[in-house]
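Below is query.cif, holding mmCIF, C-alpha atoms.
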```
data_target
#
loop_
_atom_site.label_atom_id
_atom_site.label_comp_id
_atom_site.auth_asym_id
_atom_site.auth_seq_id
_atom_site.Cartn_x
_atom_site.Cartn_y
_atom_site.Cartn_z
CA MET U 1 0.00 0.00 0.00
CA ALA U 2 1.24 3.45 -0.81
CA ILE U 3 1.58 5.43 2.34
CA ILE U 4 2.31 9.07 1.72
CA GLU U 5 3.75 11.46 4.25
CA ILE U 6 3.03 15.12 4.33
CA GLU U 7 4.43 17.89 6.46
CA GLN U 8 1.79 19.59 8.46
CA PRO U 9 2.39 22.59 10.69
CA LYS U 10 1.09 22.15 14.23
CA ALA U 11 -1.91 24.42 14.73
CA GLU U 12 -1.47 24.92 18.47
CA GLU U 13 2.11 26.15 18.61
CA GLN U 14 3.52 29.11 16.74
CA HIS U 15 7.16 28.12 16.75
CA SER U 16 6.66 24.41 16.27
CA GLU U 17 8.41 22.16 13.83
CA PRO U 18 6.24 20.52 11.20
CA VAL U 19 4.77 17.18 12.34
CA ARG U 20 4.87 14.31 9.95
CA VAL U 21 1.44 12.78 9.49
CA ARG U 22 1.21 9.39 7.90
CA GLY U 23 -1.71 9.19 5.55
CA LEU U 24 -3.19 7.43 2.57
CA PRO U 25 -4.16 9.30 -0.59
CA PHE U 26 -7.90 9.77 -0.94
CA PHE U 27 -7.88 8.08 -4.34
CA PRO U 28 -7.67 5.14 -4.71
CA HIS U 29 -6.76 3.86 -1.21
CA PHE U 30 -9.14 5.71 1.05
CA LEU U 31 -11.97 5.51 -1.47
CA LEU U 32 -11.44 1.76 -1.88
CA ARG U 33 -11.92 1.18 1.83
CA GLU U 34 -15.01 3.39 1.76
CA VAL U 35 -16.47 1.38 -1.14
CA VAL U 36 -15.87 -1.90 0.73
CA VAL U 37 -17.59 -0.55 3.87
CA MET U 38 -20.43 0.81 1.73
CA CYS U 39 -20.97 -2.61 0.12
CA LEU U 40 -21.08 -4.26 3.56
CA ILE U 41 -23.60 -1.78 4.95
CA GLY U 42 -25.70 -1.70 1.78
CA GLY U 43 -25.79 -5.50 1.76
CA SER U 44 -26.74 -5.68 5.44
CA LEU U 45 -29.59 -3.22 4.89
CA LEU U 46 -30.94 -5.27 1.96
CA LEU U 47 -30.69 -8.42 4.06
CA LEU U 48 -32.53 -6.80 6.99
CA ALA U 49 -35.16 -5.40 4.60
CA SER U 50 -35.77 -8.84 3.07
CA TYR U 51 -35.99 -10.77 6.34
CA TYR U 52 -37.74 -8.10 8.41
CA PRO U 53 -39.96 -6.05 6.07
CA ALA U 54 -41.34 -2.72 7.29
CA GLY U 55 -44.63 -3.33 9.08
CA LEU U 56 -48.09 -2.04 8.31
CA LEU U 57 -50.80 -2.36 10.96
CA SER U 58 -54.51 -1.75 10.49
CA PRO U 59 -55.55 1.64 9.03
CA ALA U 60 -55.45 4.68 11.35
CA ASP U 61 -58.55 4.92 13.51
CA PRO U 62 -58.84 8.11 15.58
CA PHE U 63 -61.49 6.49 17.81
CA THR U 64 -59.64 3.32 18.84
CA THR U 65 -56.51 3.77 20.92
CA PRO U 66 -54.26 0.71 20.67
CA THR U 67 -52.36 -0.49 23.75
CA PRO U 68 -49.54 -0.37 24.53
CA ILE U 69 -48.46 2.62 22.53
CA TYR U 70 -44.92 3.91 22.13
CA PRO U 71 -43.23 6.70 20.19
CA GLU U 72 -40.24 5.97 17.91
CA TRP U 73 -37.28 4.43 19.78
CA TYR U 74 -35.19 7.59 19.51
CA PHE U 75 -37.90 9.60 21.29
CA LEU U 76 -38.49 7.02 24.02
CA TYR U 77 -36.16 8.87 26.42
CA VAL U 78 -38.28 12.05 26.08
CA PHE U 79 -41.41 10.00 26.67
CA GLY U 80 -39.74 8.17 29.57
CA PHE U 81 -38.62 11.40 31.23
CA LEU U 82 -42.14 12.82 30.93
CA LYS U 83 -43.51 9.71 32.70
CA PHE U 84 -40.73 9.82 35.30
CA TRP U 85 -41.05 13.47 36.34
CA THR U 86 -44.35 13.71 38.20
CA PHE U 87 -43.72 16.44 40.75
CA ASP U 88 -44.14 20.20 40.43
CA LEU U 89 -41.10 22.34 41.08
CA GLY U 90 -42.44 25.37 42.95
CA PRO U 91 -44.73 27.20 40.51
CA ILE U 92 -43.60 25.16 37.49
CA PRO U 93 -45.98 22.27 36.71
CA ALA U 94 -44.49 18.79 36.37
CA LYS U 95 -45.55 18.45 32.73
CA ILE U 96 -43.68 21.61 31.67
CA ILE U 97 -40.48 20.25 33.26
CA GLY U 98 -41.14 16.84 31.74
CA VAL U 99 -41.13 18.20 28.18
CA THR U 100 -38.69 21.12 28.53
CA VAL U 101 -35.80 19.24 30.14
CA PRO U 102 -35.36 16.44 27.55
CA MET U 103 -36.07 18.64 24.53
CA VAL U 104 -35.04 22.28 25.07
CA LEU U 105 -32.49 22.01 27.90
CA TRP U 106 -30.87 18.80 26.66
CA TYR U 107 -30.39 20.04 23.08
CA GLY U 108 -29.30 23.47 24.34
CA LEU U 109 -26.70 21.79 26.51
CA LEU U 110 -25.49 19.65 23.59
CA ILE U 111 -25.06 22.71 21.36
CA LEU U 112 -23.03 24.44 24.09
CA VAL U 113 -20.68 21.49 24.76
CA PRO U 114 -17.62 22.98 22.93
CA PHE U 115 -18.17 26.33 24.65
CA ILE U 116 -18.62 24.85 28.14
CA ASP U 117 -15.68 22.45 27.88
CA ARG U 118 -12.76 24.87 27.54
CA ASN U 119 -10.16 22.24 28.43
CA PRO U 120 -7.83 22.22 25.40
CA SER U 121 -6.61 18.64 25.93
CA ALA U 122 -8.22 15.89 23.87
CA ASP U 123 -6.33 13.20 25.81
CA ILE U 124 -8.95 11.12 27.59
CA ARG U 125 -6.78 10.99 30.75
CA ASN U 126 -6.91 14.79 31.09
CA ARG U 127 -10.67 15.00 30.60
CA LYS U 128 -11.98 13.09 33.63
CA ILE U 129 -14.91 15.47 34.29
CA ALA U 130 -16.02 15.60 30.63
CA VAL U 131 -15.81 11.81 30.33
CA ALA U 132 -17.68 11.29 33.61
CA LEU U 133 -20.45 13.70 32.52
CA GLY U 134 -20.64 11.97 29.15
CA VAL U 135 -21.04 8.56 30.78
CA ILE U 136 -23.70 9.92 33.15
CA ALA U 137 -25.61 11.46 30.19
CA LEU U 138 -25.45 8.17 28.27
CA LEU U 139 -26.65 6.16 31.26
CA GLY U 140 -29.42 8.73 31.81
CA ILE U 141 -30.63 8.41 28.21
CA LEU U 142 -30.57 4.61 28.51
CA PHE U 143 -32.43 4.71 31.84
CA PHE U 144 -35.19 7.01 30.57
CA THR U 145 -35.50 4.95 27.38
CA TYR U 146 -35.99 1.85 29.55
CA TYR U 147 -38.43 3.75 31.76
CA GLY U 148 -40.37 4.79 28.63
CA ILE U 149 -40.62 1.16 27.47
CA VAL U 150 -41.80 -0.11 30.87
CA HIS U 151 -44.33 2.67 31.33
CA GLY U 152 -45.88 2.67 27.83
CA GLU U 153 -49.47 3.84 27.65
CA MET F 1 -0.01 20.22 -30.46
CA PRO F 2 1.53 18.07 -33.24
CA GLU F 3 -0.87 16.00 -35.28
CA GLN F 4 0.83 12.69 -34.54
CA LEU F 5 0.50 13.07 -30.79
CA GLU F 6 -3.23 13.77 -31.14
CA VAL F 7 -3.59 10.58 -33.15
CA SER F 8 -1.77 8.39 -30.63
CA MET F 9 -4.07 9.51 -27.78
CA THR F 10 -6.70 7.07 -26.53
CA ILE F 11 -10.32 8.12 -26.25
CA TYR F 12 -9.91 8.64 -22.49
CA ASP F 13 -6.90 10.90 -23.02
CA LYS F 14 -8.92 12.90 -25.50
CA ILE F 15 -11.85 13.30 -23.09
CA TYR F 16 -9.45 14.25 -20.31
CA LYS F 17 -7.71 16.80 -22.55
CA TRP F 18 -11.04 18.24 -23.70
CA LEU F 19 -12.14 18.73 -20.09
CA ASP F 20 -8.68 19.89 -18.98
CA ASP F 21 -8.65 22.62 -21.61
CA ARG F 22 -11.87 23.95 -20.18
CA PHE F 23 -11.79 23.23 -16.44
CA LYS F 24 -8.06 23.11 -15.56
CA LEU F 25 -8.35 19.54 -14.25
CA ARG F 26 -4.56 19.35 -13.97
CA GLU F 27 -4.71 21.93 -11.17
CA LEU F 28 -7.99 20.87 -9.55
CA LEU F 29 -7.80 17.07 -9.43
CA PRO F 30 -4.59 16.40 -7.44
CA SER F 31 -5.85 18.33 -4.41
CA ILE F 32 -8.89 16.02 -4.31
CA VAL F 33 -7.36 12.77 -5.50
CA LYS F 34 -4.13 12.96 -3.50
CA HIS F 35 -5.64 14.57 -0.41
CA PRO F 36 -4.25 12.42 2.43
CA ALA F 37 -6.57 10.63 4.83
CA PRO F 38 -4.77 10.08 8.17
CA GLU F 39 -3.74 6.49 8.74
CA TYR F 40 -5.47 6.22 12.14
CA ALA F 41 -8.74 7.26 10.49
CA VAL F 42 -8.39 4.62 7.80
CA SER F 43 -7.57 1.76 10.16
CA ASN F 44 -10.05 2.50 12.98
CA PRO F 45 -13.63 1.42 12.18
CA LEU F 46 -15.02 4.00 14.64
CA TYR F 47 -14.23 6.60 11.97
CA CYS F 48 -16.75 4.89 9.65
CA LEU F 49 -19.82 6.02 11.58
CA GLY F 50 -20.24 9.40 9.88
CA GLY F 51 -19.73 7.82 6.47
CA THR F 52 -22.27 5.11 7.35
CA ALA F 53 -24.83 7.79 8.17
CA PHE F 54 -24.09 9.51 4.86
CA LEU F 55 -24.44 6.25 2.92
CA CYS F 56 -27.80 5.67 4.62
CA PHE F 57 -28.77 9.20 3.59
CA LEU F 58 -27.99 8.43 -0.07
CA ILE F 59 -29.98 5.17 0.12
CA LEU F 60 -32.87 7.07 1.72
CA VAL F 61 -32.87 9.65 -1.08
CA ILE F 62 -33.03 6.97 -3.78
CA THR F 63 -35.61 4.71 -2.09
CA GLY F 64 -37.58 7.79 -1.01
CA ILE F 65 -37.87 9.05 -4.60
CA PHE F 66 -39.27 5.68 -5.67
CA LEU F 67 -41.73 5.60 -2.76
CA ALA F 68 -42.93 9.12 -3.66
CA MET F 69 -43.91 7.84 -7.11
CA TYR F 70 -46.56 5.56 -5.60
CA TYR F 71 -47.47 7.25 -2.31
CA LYS F 72 -50.60 9.41 -2.03
CA PRO F 73 -50.72 11.81 0.97
CA THR F 74 -54.45 11.84 1.76
CA PRO F 75 -56.21 10.05 4.64
CA ASP F 76 -58.32 8.04 2.19
CA GLU F 77 -55.48 6.97 -0.09
CA ALA F 78 -52.33 6.94 2.08
CA TYR F 79 -52.85 3.54 3.70
CA LYS F 80 -54.08 1.95 0.45
CA SER F 81 -51.10 3.33 -1.49
CA VAL F 82 -48.63 1.91 1.06
CA GLN F 83 -50.49 -1.40 0.97
CA ASN F 84 -50.19 -1.26 -2.83
CA ILE F 85 -46.42 -0.62 -2.52
CA MET F 86 -46.07 -3.58 -0.17
CA THR F 87 -48.12 -6.07 -2.22
CA ALA F 88 -48.47 -5.06 -5.87
CA VAL F 89 -45.64 -2.72 -6.91
CA PRO F 90 -42.63 -4.70 -8.23
CA MET F 91 -39.85 -4.60 -5.56
CA GLY F 92 -42.08 -2.20 -3.62
CA SER F 93 -41.80 -4.13 -0.38
CA LEU F 94 -37.99 -4.24 -0.68
CA VAL F 95 -37.75 -0.51 -1.44
CA ARG F 96 -40.00 0.50 1.47
CA SER F 97 -38.32 -1.92 3.89
CA THR F 98 -34.88 -0.68 2.85
CA HIS F 99 -36.08 2.89 3.41
CA HIS F 100 -37.28 1.84 6.88
CA TRP F 101 -34.02 0.12 7.86
CA ALA F 102 -31.77 2.78 6.36
CA ALA F 103 -33.67 5.43 8.34
CA ASN F 104 -33.24 3.62 11.66
CA THR F 105 -29.61 2.80 10.90
CA MET F 106 -28.92 6.42 9.98
CA ILE F 107 -30.29 7.71 13.28
CA ALA F 108 -28.27 5.13 15.21
CA ALA F 109 -25.10 5.94 13.19
CA VAL F 110 -25.53 9.68 13.75
CA MET F 111 -25.89 9.10 17.51
CA LEU F 112 -22.85 6.80 17.68
CA HIS F 113 -20.85 9.25 15.56
CA MET F 114 -21.74 11.98 18.05
CA ILE F 115 -20.71 9.77 20.98
CA ARG F 116 -17.33 9.10 19.31
CA ILE F 117 -16.76 12.83 18.69
CA TYR F 118 -17.65 13.57 22.32
CA PHE F 119 -15.37 11.00 23.95
CA MET F 120 -12.47 11.72 21.59
CA GLY F 121 -12.82 15.45 22.28
CA ALA F 122 -12.96 16.09 18.54
CA TYR F 123 -15.30 19.08 19.00
CA LYS F 124 -12.57 21.22 20.52
CA LYS F 125 -10.93 24.24 18.89
CA PRO F 126 -11.05 24.75 15.90
CA ARG F 127 -14.07 22.44 15.37
CA GLU F 128 -16.66 24.03 17.71
CA LEU F 129 -18.99 25.16 14.93
CA ASN F 130 -18.92 21.81 13.20
CA TRP F 131 -20.18 20.24 16.45
CA VAL F 132 -23.03 22.78 16.46
CA VAL F 133 -23.89 21.91 12.83
CA GLY F 134 -23.76 18.25 13.89
CA ILE F 135 -26.34 18.80 16.62
CA PHE F 136 -28.62 20.48 14.08
CA LEU F 137 -28.09 17.44 11.83
CA LEU F 138 -29.16 15.18 14.71
CA LEU F 139 -32.30 17.30 15.16
CA THR F 140 -33.00 17.21 11.40
CA VAL F 141 -32.55 13.45 11.24
CA THR F 142 -34.89 12.73 14.17
CA THR F 143 -37.48 15.16 12.73
CA PHE F 144 -37.16 13.25 9.46
CA GLY F 145 -37.99 10.04 11.30
CA PHE F 146 -40.86 11.66 13.16
CA SER F 147 -42.45 13.12 9.99
CA GLY F 148 -41.98 9.90 8.02
CA TYR F 149 -43.60 7.84 10.75
CA LEU F 150 -47.07 9.33 10.11
CA LEU F 151 -47.11 8.81 6.34
CA PRO F 152 -48.30 5.14 6.17
CA TRP F 153 -51.40 6.27 8.12
CA ASP F 154 -51.78 3.09 10.12
CA GLN F 155 -52.61 2.73 13.81
CA LEU F 156 -48.93 2.92 14.86
CA SER F 157 -48.28 6.07 12.78
CA PHE F 158 -51.38 7.82 13.96
CA TRP F 159 -51.00 7.20 17.68
CA ALA F 160 -47.23 7.67 17.80
CA THR F 161 -47.75 11.04 16.10
CA LYS F 162 -50.47 11.78 18.63
CA ILE F 163 -47.91 11.30 21.43
CA GLY F 164 -45.22 13.25 19.57
CA THR F 165 -47.35 16.27 18.72
CA GLY F 166 -48.79 16.13 22.23
CA ILE F 167 -45.32 16.35 23.78
CA ALA F 168 -44.19 19.14 21.41
CA GLY F 169 -47.49 20.93 21.99
CA SER F 170 -47.05 21.07 25.75
CA LEU F 171 -43.79 23.04 25.56
CA PRO F 172 -44.16 26.38 27.33
CA VAL F 173 -44.83 29.51 25.22
CA ILE F 174 -44.03 28.02 21.78
CA GLY F 175 -45.84 24.67 22.22
CA GLY F 176 -49.18 25.88 20.92
CA TYR F 177 -47.63 27.37 17.81
CA ILE F 178 -45.52 24.27 17.08
CA SER F 179 -48.59 22.09 17.47
CA LEU F 180 -50.67 24.29 15.12
CA LEU F 181 -47.79 24.51 12.63
CA LEU F 182 -47.37 20.72 12.57
CA MET F 183 -51.01 19.64 12.59
CA GLY F 184 -52.59 22.49 10.61
CA GLY F 185 -55.51 22.36 13.04
CA ASN F 186 -56.53 21.05 16.42
CA ASP F 187 -56.27 17.38 15.60
CA ILE F 188 -54.41 15.00 13.32
CA GLY F 189 -56.20 14.93 9.99
CA ALA F 190 -55.84 15.50 6.24
CA ASP F 191 -53.96 18.78 6.76
CA THR F 192 -51.51 17.10 9.14
CA LEU F 193 -50.77 14.40 6.59
CA THR F 194 -50.03 16.83 3.73
CA ARG F 195 -47.93 18.97 6.07
CA PHE F 196 -45.89 16.03 7.29
CA PHE F 197 -45.47 14.93 3.68
CA ALA F 198 -44.23 18.39 2.62
CA ILE F 199 -41.90 18.54 5.64
CA HIS F 200 -40.59 15.05 4.93
CA VAL F 201 -39.97 15.35 1.18
CA LEU F 202 -39.33 19.09 0.64
CA ILE F 203 -38.35 21.08 3.73
CA LEU F 204 -36.12 18.58 5.53
CA PRO F 205 -34.24 17.40 2.41
CA ILE F 206 -33.25 21.01 1.67
CA ALA F 207 -32.27 21.52 5.30
CA ILE F 208 -30.19 18.36 5.53
CA ALA F 209 -28.44 18.98 2.18
CA THR F 210 -27.39 22.44 3.38
CA LEU F 211 -26.22 21.19 6.78
CA LEU F 212 -24.35 18.24 5.26
CA GLY F 213 -22.63 20.61 2.84
CA LEU F 214 -21.47 22.79 5.73
CA HIS F 215 -20.46 19.74 7.78
CA PHE F 216 -18.28 18.28 5.00
CA ILE F 217 -16.73 21.60 3.92
CA MET F 218 -15.67 22.20 7.52
CA VAL F 219 -14.15 18.71 7.79
CA ARG F 220 -12.32 19.34 4.53
CA ILE F 221 -10.94 22.70 5.69
CA GLN F 222 -10.07 21.62 9.24
CA GLY F 223 -9.13 17.99 8.63
CA ILE F 224 -10.12 14.98 10.73
CA SER F 225 -9.29 15.47 14.39
CA GLY F 226 -6.36 13.18 15.16
CA ARG F 227 -6.08 13.34 18.90
CA LEU F 228 -7.22 10.30 20.80
#
```
Represent the structure contained in this file as structure tokens.
Amino acid sequence: MAIIEIEQPKAEEQHSEPVRVRGLPFFPHFLLREVVVMCLIGGSLLLLASYYPAGLLSPADPFTTPTPIYPEWYFLYVFGFLKFWTFDLGPIPAKIIGVTVPMVLWYGLLILVPFIDRNPSADIRNRKIAVALGVIALLGILFFTYYGIVHGE
Amino acid sequence: MPEQLEVSMTIYDKIYKWLDDRFKLRELLPSIVKHPAPEYAVSNPLYCLGGTAFLCFLILVITGIFLAMYYKPTPDEAYKSVQNIMTAVPMGSLVRSTHHWAANTMIAAVMLHMIRIYFMGAYKKPRELNWVVGIFLLLTVTTFGFSGYLLPWDQLSFWATKIGTGIAGSLPVIGGYISLLLMGGNDIGADTLTRFFAIHVLILPIAIATLLGLHFIMVRIQGISGRL
């Protein structure tokens, strides 16, 4: 395989020497790997689609509520949090908290991540707080997803 | 150019020369073709997640176009047209099922891609804005899923949308407007279906194409973050 080396100035330091980055040219090496991965994923999707076709239940009926009823899996954590949070916080009703926290606050927090985390190091050993918060957030999402499944309407 | 040289050129050389004379391929191509991809990014499968999401996007565009040829967004026809796709249209079941699986895989890939970026700290300077664009992509992709869910107009679509619009509608201050904007009325009906269809096949595709363009241009300018 042809491995090319390029000289790349370090962005962080003004007076630095160029760092040598080992890399593969986009064409054909990188593209070839991409095409192989694409074939694998495309094939897996076709296989899944053939063995587990997309479902179609009975036609929509606004007067018959089916049970149990769930939202899409990627919204289950919102649904779960809404079911979990049942107590008012001072003058704020429980339902407002239940919808605002997982939608507005959570996405707002995600957008602000690079501006909150000012630690310049990307080394995982120097980012204990960020990693801990990330793990807590992941576990939280998993917990509320589970809660949403258990407490379906 | 001497006549003899022109004669000895193959058809591909001639096409290349024709294009090169007009578009300066000699200057443009090497920067694309020889652009180095870092070795760690080529050997580590975790770096495939973003590309997987993009591949799913391409599959969704193609299968979605074919579905739109047979789908009819009215309460009377929607369910029947999906049933027709599943039973009568040649390859219809495969196309719709592939659309379904590619959509779910794309959302999962986008989430995993985001988790990788977070734990590798790849959102740090100078890539802050690309993280922000990424979050908007996550929002766009989940809204895609949400709007597509209603279209088959079966019991699952209808009642899942009922929950979804109910949750969005109970947001403080803006909830009422969002609910009206999405449903086009007080309840899920014909107007909701055409709105969700327009959102799913017109508004969101434009939004995601723009965001993906920004996302990729920024990666190209800033390179793949190499710090582990």
Just how far from atom CA of His99 of chain F is atom CA of Tyr51 of chain U, in Å to one decimal?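 Atom-to-atom, atom CA of Tyr51 of chain U and atom CA of His99 of chain F are spaced 14.0 Å apart.
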Kindly provide, as a VMD selection string, the residues of chain F having any atom no farther than 7 Å from an atom of chain U, counting all atoms listed in the file. chain F and resid 33 to 39 42 55 79 93 to 94 96 to 98 100 to 102 119 to 121 123 to 124 128 132 135 153 to 156 158 160 163 to 164 167 170 to 172 227 to 228
For the PyMOL selection byres ((chain F and resi 49) around 8), applied here, can you spell out every residue it catches as a list in words?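 Going through the file, the PyMOL selection byres ((chain F and resi 49) around 8) ends up selecting Pro45, Leu46, Tyr47, Cys48, Gly50, Gly51, Thr52, Ala53, Ala109, Val110, Leu112 and His113 of chain F.
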Could the centre and edge lengths of an axis-aligned box, enclosing all atoms of segment 67-81 of chain U in the file with 8 Å extra on each side, be given in Å to one decimal as AutoDock Vina command-line options?
```
--center_x -43.8 --center_y 5.8 --center_z 24.6 --size_x 33.2 --size_y 28.5 --size_z 29.3
```
Residue among F:Pro126, F:Gly134, F:Gly148, F:Gly176 lying closest to Met114 of chain F, counting only C-alpha atoms: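 Closest to Met114 of chain F, using only C-alpha atoms: F:Gly134.
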Calculated over only C-alpha atoms, which of the candidates F:Thr140, F:Ser8, F:Ser225, F:Thr165 has the smallest distance to Ile206 of chain F?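 Among the listed residues, F:Thr140 lies closest to Ile206 of chain F.
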Work out how far atom CA of Thr105 of chain F is from atom CA of Cys56 of chain F, in Å to one decimal.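 Separation of atom CA of Cys56 of chain F and atom CA of Thr105 of chain F: 7.1 Å.
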Pick from F:Tyr149, F:Tyr118, F:Phe54, F:Phe23: nearest to Met106 of chain F, with all atoms listed in the file counted?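 Closest to Met106 of chain F, using all atoms listed in the file: F:Phe54.
As for atom CA of Ile199 of chain F and atom CA of Thr143 of chain F, they are spaced 9.0 Å apart.
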Kindly resolve the PyMOL selection byres ((chain F and resi 62-65) around 9) on the present coordinates and return the residues as a count of residues only. 14
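Neighbouring residues of Asn130 of chain F at 10 Å or closer, counting all atoms listed in the file and skipping chain neighbours under 5 positions away, are U:Pro114, F:Ala122, F:Tyr123, F:Lys124, F:Ile135, F:Phe136, F:Leu211, F:Leu214, F:His215, F:Phe216, F:Ile217, F:Met218, F:Val219, F:Gln222.
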Please write the residues from the selection above to a file, keeping C-alpha atoms, as a PDB file, in the coordinates of the input.
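File out.pdb, as written:
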```
ATOM      1  CA  PRO U 114     -17.620  22.980  22.930  1.00  0.00           C
TER       2      PRO U 114
ATOM      3  CA  ALA F 122     -12.960  16.090  18.540  1.00  0.00           C
ATOM      4  CA  TYR F 123     -15.300  19.080  19.000  1.00  0.00           C
ATOM      5  CA  LYS F 124     -12.570  21.220  20.520  1.00  0.00           C
ATOM      6  CA  ILE F 135     -26.340  18.800  16.620  1.00  0.00           C
ATOM      7  CA  PHE F 136     -28.620  20.480  14.080  1.00  0.00           C
ATOM      8  CA  LEU F 211     -26.220  21.190   6.780  1.00  0.00           C
ATOM      9  CA  LEU F 214     -21.470  22.790   5.730  1.00  0.00           C
ATOM     10  CA  HIS F 215     -20.460  19.740   7.780  1.00  0.00           C
ATOM     11  CA  PHE F 216     -18.280  18.280   5.000  1.00  0.00           C
ATOM     12  CA  ILE F 217     -16.730  21.600   3.920  1.00  0.00           C
ATOM     13  CA  MET F 218     -15.670  22.200   7.520  1.00  0.00           C
ATOM     14  CA  VAL F 219     -14.150  18.710   7.790  1.00  0.00           C
ATOM     15  CA  GLN F 222     -10.070  21.620   9.240  1.00  0.00           C
TER      16      GLN F 222
END
```
To verify the selection step, state as a PDB file with C-alpha atoms, keeping the file's coordinate frame which residues the PyMOL selection byres ((chain U and resi 145) around 9) yields on this input.
```
ATOM      1  CA  TRP U  73     -37.280   4.430  19.780  1.00  0.00           C
ATOM      2  CA  TYR U  74     -35.190   7.590  19.510  1.00  0.00           C
ATOM      3  CA  PHE U  75     -37.900   9.600  21.290  1.00  0.00           C
ATOM      4  CA  LEU U  76     -38.490   7.020  24.020  1.00  0.00           C
ATOM      5  CA  TYR U  77     -36.160   8.870  26.420  1.00  0.00           C
ATOM      6  CA  VAL U  78     -38.280  12.050  26.080  1.00  0.00           C
ATOM      7  CA  PHE U  79     -41.410  10.000  26.670  1.00  0.00           C
ATOM      8  CA  GLY U  80     -39.740   8.170  29.570  1.00  0.00           C
ATOM      9  CA  PHE U  81     -38.620  11.400  31.230  1.00  0.00           C
ATOM     10  CA  GLY U 140     -29.420   8.730  31.810  1.00  0.00           C
ATOM     11  CA  ILE U 141     -30.630   8.410  28.210  1.00  0.00           C
ATOM     12  CA  LEU U 142     -30.570   4.610  28.510  1.00  0.00           C
ATOM     13  CA  PHE U 143     -32.430   4.710  31.840  1.00  0.00           C
ATOM     14  CA  PHE U 144     -35.190   7.010  30.570  1.00  0.00           C
ATOM     15  CA  TYR U 146     -35.990   1.850  29.550  1.00  0.00           C
ATOM     16  CA  TYR U 147     -38.430   3.750  31.760  1.00  0.00           C
ATOM     17  CA  GLY U 148     -40.370   4.790  28.630  1.00  0.00           C
ATOM     18  CA  ILE U 149     -40.620   1.160  27.470  1.00  0.00           C
ATOM     19  CA  VAL U 150     -41.800  -0.110  30.870  1.00  0.00           C
TER      20      VAL U 150
END
```
Generate N, CA and C atoms for segment 182-196 of chain F and emit them as a PDB file, in the frame of the given file.
```pdb
ATOM      1  N   LEU F 182     -47.534  22.101  12.998  1.00  0.00           N
ATOM      2  CA  LEU F 182     -47.370  20.720  12.570  1.00  0.00           C
ATOM      3  C   LEU F 182     -48.676  20.118  12.097  1.00  0.00           C
ATOM      4  N   MET F 183     -49.767  20.358  12.864  1.00  0.00           N
ATOM      5  CA  MET F 183     -51.010  19.640  12.590  1.00  0.00           C
ATOM      6  C   MET F 183     -51.917  20.398  11.639  1.00  0.00           C
ATOM      7  N   GLY F 184     -51.717  21.704  11.484  1.00  0.00           N
ATOM      8  CA  GLY F 184     -52.590  22.490  10.610  1.00  0.00           C
ATOM      9  C   GLY F 184     -54.010  22.549  11.135  1.00  0.00           C
ATOM     10  N   GLY F 185     -54.184  22.342  12.437  1.00  0.00           N
ATOM     11  CA  GLY F 185     -55.510  22.360  13.040  1.00  0.00           C
ATOM     12  C   GLY F 185     -55.403  21.860  14.460  1.00  0.00           C
ATOM     13  N   ASN F 186     -56.547  21.483  15.026  1.00  0.00           N
ATOM     14  CA  ASN F 186     -56.530  21.050  16.420  1.00  0.00           C
ATOM     15  C   ASN F 186     -56.301  19.552  16.576  1.00  0.00           C
ATOM     16  N   ASP F 187     -56.444  18.826  15.482  1.00  0.00           N
ATOM     17  CA  ASP F 187     -56.270  17.380  15.600  1.00  0.00           C
ATOM     18  C   ASP F 187     -55.554  16.839  14.366  1.00  0.00           C
ATOM     19  N   ILE F 188     -55.110  15.597  14.454  1.00  0.00           N
ATOM     20  CA  ILE F 188     -54.410  15.000  13.320  1.00  0.00           C
ATOM     21  C   ILE F 188     -55.420  14.630  12.251  1.00  0.00           C
ATOM     22  N   GLY F 189     -55.262  15.198  11.065  1.00  0.00           N
ATOM     23  CA  GLY F 189     -56.200  14.930   9.990  1.00  0.00           C
ATOM     24  C   GLY F 189     -55.545  15.087   8.645  1.00  0.00           C
ATOM     25  N   ALA F 190     -56.356  15.386   7.613  1.00  0.00           N
ATOM     26  CA  ALA F 190     -55.840  15.500   6.240  1.00  0.00           C
ATOM     27  C   ALA F 190     -54.749  16.570   6.146  1.00  0.00           C
ATOM     28  N   ASP F 191     -54.959  17.708   6.835  1.00  0.00           N
ATOM     29  CA  ASP F 191     -53.960  18.780   6.760  1.00  0.00           C
ATOM     30  C   ASP F 191     -52.644  18.363   7.395  1.00  0.00           C
ATOM     31  N   THR F 192     -52.734  17.577   8.492  1.00  0.00           N
ATOM     32  CA  THR F 192     -51.510  17.100   9.140  1.00  0.00           C
ATOM     33  C   THR F 192     -50.714  16.221   8.182  1.00  0.00           C
ATOM     34  N   LEU F 193     -51.445  15.348   7.479  1.00  0.00           N
ATOM     35  CA  LEU F 193     -50.770  14.400   6.590  1.00  0.00           C
ATOM     36  C   LEU F 193     -50.042  15.133   5.459  1.00  0.00           C
ATOM     37  N   THR F 194     -50.715  16.101   4.813  1.00  0.00           N
ATOM     38  CA  THR F 194     -50.030  16.830   3.730  1.00  0.00           C
ATOM     39  C   THR F 194     -48.877  17.660   4.282  1.00  0.00           C
ATOM     40  N   ARG F 195     -49.035  18.217   5.475  1.00  0.00           N
ATOM     41  CA  ARG F 195     -47.930  18.970   6.070  1.00  0.00           C
ATOM     42  C   ARG F 195     -46.733  18.080   6.356  1.00  0.00           C
ATOM     43  N   PHE F 196     -47.002  16.936   6.966  1.00  0.00           N
ATOM     44  CA  PHE F 196     -45.890  16.030   7.290  1.00  0.00           C
ATOM     45  C   PHE F 196     -45.218  15.554   5.999  1.00  0.00           C
TER      46      PHE F 196
END
```
